[in-house]
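**Student:** Got a structure for you, upload_26.pdb, holding PDB, C-alpha atoms.
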ATOM      1  CA  MET Q  25      19.156  -5.796   9.009
ATOM      2  CA  ASP Q  26      16.178  -6.451   6.738
ATOM      3  CA  MET Q  27      13.694  -3.727   5.867
ATOM      4  CA  LEU Q  28       9.992  -4.523   6.154
ATOM      5  CA  LEU Q  29       7.879  -2.583   3.649
ATOM      6  CA  PHE Q  30       4.199  -2.530   4.576
ATOM      7  CA  ASP Q  31       1.342  -1.530   2.341
ATOM      8  CA  LEU Q  32      -1.225   0.641   4.153
ATOM      9  CA  ASP Q  33      -4.874   0.338   3.119
ATOM     10  CA  ASN Q  34      -6.458  -3.096   3.571
ATOM     11  CA  THR Q  35      -3.117  -4.422   4.849
ATOM     12  CA  LEU Q  36      -2.589  -2.757   8.224
ATOM     13  CA  TYR Q  37      -6.325  -2.960   8.870
ATOM     14  CA  ASP Q  38      -9.055  -5.404   7.844
ATOM     15  CA  PRO Q  39     -10.719  -4.591   4.482
ATOM     16  CA  LYS Q  40     -14.046  -5.246   6.224
ATOM     17  CA  ARG Q  41     -13.546  -1.853   7.867
ATOM     18  CA  GLU Q  42     -14.368  -0.427   4.422
ATOM     19  CA  LEU Q  43     -12.336   2.731   4.863
ATOM     20  CA  PHE Q  44     -11.479   2.662   1.186
ATOM     21  CA  SER Q  45     -15.163   2.857   0.286
ATOM     22  CA  LEU Q  46     -15.152   6.397   1.683
ATOM     23  CA  ILE Q  47     -12.213   7.261  -0.577
ATOM     24  CA  ASP Q  48     -14.012   5.663  -3.538
ATOM     25  CA  VAL Q  49     -16.938   8.026  -3.049
ATOM     26  CA  ARG Q  50     -14.573  11.004  -2.913
ATOM     27  CA  ILE Q  51     -12.856   9.901  -6.144
ATOM     28  CA  ASN Q  52     -16.204   9.701  -7.939
ATOM     29  CA  HIS Q  53     -17.200  13.130  -6.633
ATOM     30  CA  TYR Q  54     -13.876  14.613  -7.698
ATOM     31  CA  MET Q  55     -14.230  13.286 -11.219
ATOM     32  CA  SER Q  56     -17.784  14.547 -11.648
ATOM     33  CA  GLU Q  57     -17.856  17.708  -9.534
ATOM     34  CA  VAL Q  58     -14.298  19.033  -9.899
ATOM     35  CA  VAL Q  59     -13.160  17.681 -13.262
ATOM     36  CA  GLY Q  60     -16.619  17.861 -14.838
ATOM     37  CA  ILE Q  61     -16.858  14.321 -16.180
ATOM     38  CA  PRO Q  62     -20.503  13.228 -16.661
ATOM     39  CA  PRO Q  63     -21.431  10.938 -13.733
ATOM     40  CA  ALA Q  64     -22.545   8.185 -16.106
ATOM     41  CA  GLU Q  65     -19.005   7.982 -17.505
ATOM     42  CA  VAL Q  66     -17.125   7.918 -14.200
ATOM     43  CA  ASP Q  67     -17.228   4.178 -13.451
ATOM     44  CA  GLY Q  68     -16.151   3.201 -16.933
ATOM     45  CA  LEU Q  69     -13.291   5.697 -16.952
ATOM     46  CA  ARG Q  70     -12.086   4.520 -13.562
ATOM     47  CA  ARG Q  71     -12.010   0.902 -14.729
ATOM     48  CA  HIS Q  72     -10.110   1.949 -17.854
ATOM     49  CA  TYR Q  73      -7.607   4.045 -15.910
ATOM     50  CA  TRP Q  74      -7.015   1.265 -13.393
ATOM     51  CA  ALA Q  75      -6.348  -1.211 -16.190
ATOM     52  CA  GLU Q  76      -4.124   1.192 -18.136
ATOM     53  CA  TYR Q  77      -2.301   3.176 -15.466
ATOM     54  CA  GLY Q  78      -2.748   1.374 -12.135
ATOM     55  CA  VAL Q  79      -4.629   4.222 -10.441
ATOM     56  CA  THR Q  80      -7.337   6.717 -11.396
ATOM     57  CA  LEU Q  81      -5.009   9.637 -10.693
ATOM     58  CA  GLN Q  82      -2.633   8.794 -13.570
ATOM     59  CA  GLY Q  83      -5.491   8.811 -16.057
ATOM     60  CA  LEU Q  84      -6.740  12.164 -14.802
ATOM     61  CA  ILE Q  85      -3.247  13.653 -14.985
ATOM     62  CA  ARG Q  86      -2.702  12.408 -18.539
ATOM     63  CA  HIS Q  87      -6.149  13.151 -19.982
ATOM     64  CA  TYR Q  88      -7.520  16.012 -17.869
ATOM     65  CA  GLN Q  89      -4.320  17.691 -16.600
ATOM     66  CA  VAL Q  90      -5.576  17.620 -13.000
ATOM     67  CA  ASP Q  91      -3.374  18.912 -10.203
ATOM     68  CA  PRO Q  92      -2.292  15.692  -8.439
ATOM     69  CA  GLU Q  93      -1.906  17.446  -5.094
ATOM     70  CA  ASP Q  94      -5.432  18.851  -5.282
ATOM     71  CA  TYR Q  95      -6.706  15.367  -6.118
ATOM     72  CA  LEU Q  96      -4.848  13.690  -3.255
ATOM     73  CA  ASP Q  97      -6.074  16.259  -0.725
ATOM     74  CA  TYR Q  98      -9.663  15.913  -1.928
ATOM     75  CA  VAL Q  99     -10.012  12.137  -2.153
ATOM     76  CA  HIS Q 100      -8.290  11.447   1.166
ATOM     77  CA  ASP Q 101     -10.428  13.941   3.071
ATOM     78  CA  VAL Q 102     -12.285  11.201   4.958
ATOM     79  CA  ASP Q 103     -12.920  10.512   8.636
ATOM     80  CA  VAL Q 104     -10.657   7.543   9.378
ATOM     81  CA  SER Q 105     -11.895   7.445  12.981
ATOM     82  CA  SER Q 106     -15.347   6.443  11.714
ATOM     83  CA  ARG Q 107     -13.942   3.159  10.384
ATOM     84  CA  LEU Q 108     -10.752   2.382  12.322
ATOM     85  CA  ASP Q 109      -9.836   1.798  15.972
ATOM     86  CA  PRO Q 110      -6.479   1.478  17.751
ATOM     87  CA  ASP Q 111      -4.960  -1.961  17.149
ATOM     88  CA  ALA Q 112      -3.046  -3.033  20.255
ATOM     89  CA  GLU Q 113      -2.368  -6.516  18.862
ATOM     90  CA  LEU Q 114      -0.696  -5.170  15.723
ATOM     91  CA  ARG Q 115       1.227  -2.594  17.717
ATOM     92  CA  GLN Q 116       2.634  -5.305  19.987
ATOM     93  CA  ALA Q 117       3.536  -7.472  16.987
ATOM     94  CA  LEU Q 118       5.409  -4.643  15.263
ATOM     95  CA  ALA Q 119       7.132  -3.460  18.432
ATOM     96  CA  GLN Q 120       8.763  -6.846  19.023
ATOM     97  CA  LEU Q 121      10.394  -6.962  15.582
ATOM     98  CA  PRO Q 122      14.061  -5.953  15.292
ATOM     99  CA  GLN Q 123      13.782  -5.111  11.590
ATOM    100  CA  ARG Q 124      13.411  -1.583  10.256
ATOM    101  CA  LYS Q 125       9.889  -0.820   9.091
ATOM    102  CA  ALA Q 126       8.406   1.594   6.551
ATOM    103  CA  VAL Q 127       5.074   2.141   4.830
ATOM    104  CA  PHE Q 128       4.957   1.907   1.016
ATOM    105  CA  THR Q 129       1.543   3.031  -0.255
ATOM    106  CA  ASN Q 130      -0.253   4.212  -3.376
ATOM    107  CA  GLY Q 131      -2.029   6.733  -1.166
ATOM    108  CA  SER Q 132      -0.688   9.997   0.231
ATOM    109  CA  THR Q 133       1.565  10.574   3.221
ATOM    110  CA  GLY Q 134      -1.155  12.675   4.841
ATOM    111  CA  HIS Q 135      -3.634   9.810   4.584
ATOM    112  CA  ALA Q 136      -1.031   7.360   5.885
ATOM    113  CA  ASP Q 137      -0.263   9.626   8.842
ATOM    114  CA  ARG Q 138      -3.947   9.758   9.786
ATOM    115  CA  VAL Q 139      -4.414   5.993   9.455
ATOM    116  CA  LEU Q 140      -1.300   5.189  11.483
ATOM    117  CA  ALA Q 141      -2.289   7.676  14.178
ATOM    118  CA  ARG Q 142      -5.755   6.169  14.464
ATOM    119  CA  LEU Q 143      -4.339   2.625  14.652
ATOM    120  CA  GLY Q 144      -1.829   3.737  17.299
ATOM    121  CA  LEU Q 145       1.151   2.859  15.099
ATOM    122  CA  SER Q 146       2.719   6.211  14.218
ATOM    123  CA  ASP Q 147       5.957   5.481  16.086
ATOM    124  CA  GLN Q 148       6.375   2.007  14.585
ATOM    125  CA  PHE Q 149       7.515   3.136  11.117
ATOM    126  CA  GLU Q 150      10.617   5.127  10.289
ATOM    127  CA  ASP Q 151       9.344   6.445   6.962
ATOM    128  CA  ILE Q 152       6.393   6.609   4.559
ATOM    129  CA  PHE Q 153       6.876   6.232   0.803
ATOM    130  CA  ASP Q 154       3.753   7.396  -0.991
ATOM    131  CA  ILE Q 155       2.420   7.853  -4.535
ATOM    132  CA  ARG Q 156       4.790  10.792  -5.010
ATOM    133  CA  VAL Q 157       7.953   8.664  -4.776
ATOM    134  CA  ALA Q 158       8.018   8.032  -8.562
ATOM    135  CA  ASN Q 159       6.129  11.070  -9.881
ATOM    136  CA  TYR Q 160       2.685   9.635  -9.053
ATOM    137  CA  LEU Q 161       3.354   6.301 -10.770
ATOM    138  CA  PRO Q 162       1.854   3.577  -8.555
ATOM    139  CA  LYS Q 163       2.635   0.054  -7.548
ATOM    140  CA  PRO Q 164       2.727  -2.481  -9.237
ATOM    141  CA  PHE Q 165       4.894  -0.558 -11.757
ATOM    142  CA  ALA Q 166       8.562  -1.149 -10.995
ATOM    143  CA  ALA Q 167       9.609   2.514 -10.880
ATOM    144  CA  PRO Q 168       8.303   3.287  -7.362
ATOM    145  CA  TYR Q 169       9.958   0.134  -5.991
ATOM    146  CA  HIS Q 170      13.280   1.198  -7.482
ATOM    147  CA  ARG Q 171      12.913   4.682  -6.023
ATOM    148  CA  VAL Q 172      12.137   3.279  -2.571
ATOM    149  CA  LEU Q 173      15.180   1.014  -2.732
ATOM    150  CA  GLU Q 174      17.341   3.960  -3.822
ATOM    151  CA  ARG Q 175      16.054   6.089  -0.951
ATOM    152  CA  LEU Q 176      16.766   3.278   1.490
ATOM    153  CA  GLY Q 177      20.156   2.472  -0.022
ATOM    154  CA  MET Q 178      19.144  -1.184  -0.217
ATOM    155  CA  GLN Q 179      18.707  -3.991  -2.709
ATOM    156  CA  GLY Q 180      15.544  -6.002  -3.169
ATOM    157  CA  LYS Q 181      17.055  -8.998  -1.382
ATOM    158  CA  ASP Q 182      17.314  -6.854   1.763
ATOM    159  CA  CYS Q 183      13.550  -6.252   1.915
ATOM    160  CA  THR Q 184      10.335  -8.056   2.720
ATOM    161  CA  MET Q 185       7.111  -6.706   1.218
ATOM    162  CA  VAL Q 186       3.875  -7.106   3.220
ATOM    163  CA  GLU Q 187       0.806  -6.540   1.046
ATOM    164  CA  ASP Q 188      -2.819  -7.446   0.404
ATOM    165  CA  SER Q 189      -2.327  -7.125  -3.383
ATOM    166  CA  VAL Q 190      -0.854 -10.096  -5.237
ATOM    167  CA  GLU Q 191       0.001  -7.880  -8.212
ATOM    168  CA  ASN Q 192       2.083  -5.608  -6.017
ATOM    169  CA  LEU Q 193       3.816  -8.616  -4.496
ATOM    170  CA  LYS Q 194       4.602  -9.995  -7.949
ATOM    171  CA  THR Q 195       6.704  -6.922  -8.740
ATOM    172  CA  ALA Q 196       8.363  -7.135  -5.326
ATOM    173  CA  LYS Q 197       9.340 -10.754  -5.964
ATOM    174  CA  GLN Q 198      10.725  -9.886  -9.404
ATOM    175  CA  LEU Q 199      13.014  -7.383  -7.675
ATOM    176  CA  GLY Q 200      14.287 -10.023  -5.277
ATOM    177  CA  MET Q 201      12.156  -9.170  -2.241
ATOM    178  CA  LYS Q 202      10.623 -11.695   0.095
ATOM    179  CA  THR Q 203       6.822 -11.547  -0.069
ATOM    180  CA  VAL Q 204       4.086 -11.812   2.553
ATOM    181  CA  LEU Q 205       0.439 -11.781   1.462
ATOM    182  CA  VAL Q 206      -2.093 -10.474   3.985
ATOM    183  CA  GLY Q 207      -5.625 -11.856   3.641
ATOM    184  CA  SER Q 208      -7.466 -14.936   2.470
ATOM    185  CA  GLY Q 209      -7.588 -16.553  -0.935
ATOM    186  CA  LYS Q 210      -5.196 -18.389  -3.218
ATOM    187  CA  GLN Q 211      -1.464 -18.074  -2.578
ATOM    188  CA  PRO Q 212       0.424 -17.639  -5.872
ATOM    189  CA  ASP Q 213       3.817 -19.244  -6.353
ATOM    190  CA  PHE Q 214       5.630 -15.920  -6.011
ATOM    191  CA  VAL Q 215       4.200 -15.370  -2.520
ATOM    192  CA  ASP Q 216       6.483 -16.775   0.160
ATOM    193  CA  VAL Q 217       4.042 -16.680   3.084
ATOM    194  CA  ARG Q 218       0.355 -15.848   3.529
ATOM    195  CA  ILE Q 219      -1.077 -14.597   6.829
ATOM    196  CA  PRO Q 220      -4.701 -13.755   7.722
ATOM    197  CA  LYS Q 221      -3.847 -10.362   9.220
ATOM    198  CA  ALA Q 222      -0.870  -8.066   9.644
ATOM    199  CA  ALA Q 223      -0.553  -8.863  13.353
ATOM    200  CA  ARG Q 224       0.740 -12.306  12.339
ATOM    201  CA  ILE Q 225       3.873 -10.800  10.780
ATOM    202  CA  PRO Q 226       6.201 -12.216  13.495
ATOM    203  CA  GLN Q 227       5.050 -15.731  12.606
ATOM    204  CA  ALA Q 228       5.467 -14.964   8.884
ATOM    205  CA  LEU Q 229       9.037 -13.806   9.407
ATOM    206  CA  ALA Q 230       9.821 -16.891  11.477
ATOM    207  CA  THR Q 231       8.589 -19.029   8.576
ATOM    208  CA  LEU Q 232      10.657 -17.038   6.077
ATOM    209  CA  HIS Q 233      13.796 -17.368   8.142
ATOM    210  CA  SER Q 234      13.312 -21.118   8.401
ATOM    211  CA  GLN Q 235      13.112 -21.515   4.622
ATOM    212  CA  PRO Q 236      16.336 -22.437   2.776
ATOM    213  CA  THR Q 237      17.975 -19.723   0.696
ATOM    214  CA  PRO Q 238      18.381 -20.351  -3.075
ATOM    215  CA  ASP Q 239      22.065 -21.322  -2.694
ATOM    216  CA  GLN Q 240      21.449 -23.871   0.043
TER     217      GLN Q 240
END
Could I get this file's structure written as structure tokens?
**Tutor:**
Amino acid sequence: MDMLLFDLDNTLYDPKRELFSLIDVRINHYMSEVVGIPPAEVDGLRRHYWAEYGVTLQGLIRHYQVDPEDYLDYVHDVDVSSRLDPDAELRQALAQLPQRKAVFTNGSTGHADRVLARLGLSDQFEDIFDIRVANYLPKPFAAPYHRVLERLGMQGKDCTMVEDSVENLKTAKQLGMKTVLVGSGKQPDFVDVRIPKAARIPQALATLHSQPTPDQ
């Protein structure tokens, strides 16, 4: 049976909810107030770290020797209930699927637990793979994907990745996964199906299953 790997933030809920903006503020505060980086340098460093390492955390670990657990606790200390509501439509869509389901996120398990609880989806996923799965190396680097596949005892061809990030889906496709892009915008060639919101995943899977396999 296929495994469905879902990204968390801006995938299981609409980006217009702007939950991540609360985390952004916490990241800036952590860099200036905890690490001691001058506020005027924070934005530039974050852009550099994102380009170089995929996430701010990796740059802070490498250049400022921050405790990654302290960072994750601090930046995810936000009130998810102020931005999210239970999503009955998504819950119904997930509940009808026979496939196994897991969350694969660059955030923390604690943050994922709070988001899933608020959305009313905690019992819909068998596992959460977070930023710790490959020693804090994030998607779209290949290492966390390999670790997730090892933990699942599966190959890429056994999985479908559901994401709002085309870069993360590109790595998934390179590893043989089927790819579903959540959101609007251009659909790259390596994306198999695009849907406007996660609740349309049953329709996406029906489309995938109707497509010919490479050997057909």
**Student:** When the PyMOL selection byres ((chain Q and resi 95) around 12) is applied to the structure above, which residues does it catch, written out as number ranges by chain?
**Tutor:** Q: 47, 50-55, 57-59, 80-85, 88-94, 96-101, 131-132, 155, 160
**Student:** Between CA of Val186 (chain Q) and CA of Tyr77 (chain Q), what is the distance, to one decimal in Å?
**Tutor:** 22.2 Å
**Student:** Could you list as JSON, numbers by chain every residue that has an atom within 10 Å of (11.5, 4.9, 16.2), using the file's coordinates and counting all atoms listed in the file?
**Tutor:** {"Q": [119, 124, 125, 146, 147, 148, 149, 150, 151]}
**Student:** Save out the residues we just selected, C-alpha atoms, as a PDB file, in the coordinates of the input.
**Tutor:**
ATOM      1  CA  ALA Q 119       7.132  -3.460  18.432  1.00  0.00           C
ATOM      2  CA  ARG Q 124      13.411  -1.583  10.256  1.00  0.00           C
ATOM      3  CA  LYS Q 125       9.889  -0.820   9.091  1.00  0.00           C
ATOM      4  CA  SER Q 146       2.719   6.211  14.218  1.00  0.00           C
ATOM      5  CA  ASP Q 147       5.957   5.481  16.086  1.00  0.00           C
ATOM      6  CA  GLN Q 148       6.375   2.007  14.585  1.00  0.00           C
ATOM      7  CA  PHE Q 149       7.515   3.136  11.117  1.00  0.00           C
ATOM      8  CA  GLU Q 150      10.617   5.127  10.289  1.00  0.00           C
ATOM      9  CA  ASP Q 151       9.344   6.445   6.962  1.00  0.00           C
TER      10      ASP Q 151
END
**Student:** What is the CA of Asp103 (chain Q)-CA of Lys40 (chain Q) distance in Å, reported with one decimal?
**Tutor:** 16.0 Å
**Student:** Let me have the centre and edge lengths of the axis-aligned box enclosing all listed atoms of region 195-210 of chain Q with 8 Å padding on every side, in Å to one decimal, as JSON.
**Tutor:**
{"center_x": 3.3, "center_y": -12.7, "center_z": -2.7, "size_x": 37.9, "size_y": 27.5, "size_z": 29.4}
**Student:** Between CA of Ile219 (chain Q) and CA of Glu187 (chain Q), what is the distance in Å, rounded to a tenth?
**Tutor:**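 Taking CA of Ile219 (chain Q) and CA of Glu187 (chain Q), their separation equals 10.1 Å.
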**Student:** Can you list, as a PyMOL selection string, every protein, DNA or RNA residue that comes within 10 Å of Ala112 (chain Q) when you count only C-alpha atoms, leaving out same-chain residues fewer than 2 positions away?
**Tutor:** chain Q and resi 109-110+114-118+143-145+223
**Student:** Run through the PyMOL selection byres ((chain Q and resi 107) around 8) on the given coordinates and return the selected residues as an mmCIF file with C-alpha atoms, in the coordinates of the input.
**Tutor:**
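Just written: out-v2.cif:
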data_model
loop_
_atom_site.group_PDB
_atom_site.id
_atom_site.type_symbol
_atom_site.label_atom_id
_atom_site.label_comp_id
_atom_site.auth_asym_id
_atom_site.auth_seq_id
_atom_site.Cartn_x
_atom_site.Cartn_y
_atom_site.Cartn_z
ATOM 1 C CA ARG Q 41 -13.546 -1.853 7.867
ATOM 2 C CA GLU Q 42 -14.368 -0.427 4.422
ATOM 3 C CA LEU Q 43 -12.336 2.731 4.863
ATOM 4 C CA ASP Q 103 -12.920 10.512 8.636
ATOM 5 C CA VAL Q 104 -10.657 7.543 9.378
ATOM 6 C CA SER Q 105 -11.895 7.445 12.981
ATOM 7 C CA SER Q 106 -15.347 6.443 11.714
ATOM 8 C CA LEU Q 108 -10.752 2.382 12.322
ATOM 9 C CA ASP Q 109 -9.836 1.798 15.972
#
**Student:** Using the chain letters and numbers from this file, what does the PyMOL selection byres ((chain Q and resi 195-206) around 8) select? Give the answer as a PyMOL selection string.
**Tutor:** chain Q and resi 35+164-166+169+179-194+207-208+211+214-222+228
**Student:** Taking only C-alpha atoms into account, which of Q:Leu121, Q:Leu36, Q:Ala167, Q:Leu46 comes nearest Val139 (chain Q)?
**Tutor:**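 Among the listed residues, the smallest separation from Val139 (chain Q) belongs to Q:Leu36.
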**Student:** Which residue, Q:Leu28, Q:Ala64, Q:Leu161, Q:Asp154, has the smallest gap to Ile225 (chain Q) when you use all atoms listed in the file?
**Tutor:**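 Of Q:Leu28, Q:Ala64, Q:Leu161, Q:Asp154, the one nearest Ile225 (chain Q) is Q:Leu28, counting all atoms listed in the file.
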**Student:** Which of these, Q:Pro63, Q:Leu29, Q:His72, Q:Val79, has the shortest distance to Ala126 (chain Q) once you count only C-alpha atoms?
**Tutor:** Q:Leu29
**Student:** Which residue gives the smallest distance to Asp31 (chain Q) among Q:Arg171, Q:Arg156, Q:Arg138, Q:Lys163, with all atoms listed in the file counted?
**Tutor:**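 The closest residue to Asp31 (chain Q) is Q:Lys163.
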**Student:** Let me make sure I understand: among Q:Val66, Q:His87, Q:His135, Q:Ala75, which one has the smallest atom-to-atom distance to Phe44 (chain Q) if we use all atoms listed in the file?
**Tutor:**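 With all atoms listed in the file as the atom set, the closest residue is Q:His135.
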**Student:** Which is closer to Tyr37 (chain Q) than all the others in Q:Leu140, Q:Val127, Q:Leu69, Q:Val102, using all atoms listed in the file?
**Tutor:**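 Under the stated criterion, the closest residue is Q:Leu140.
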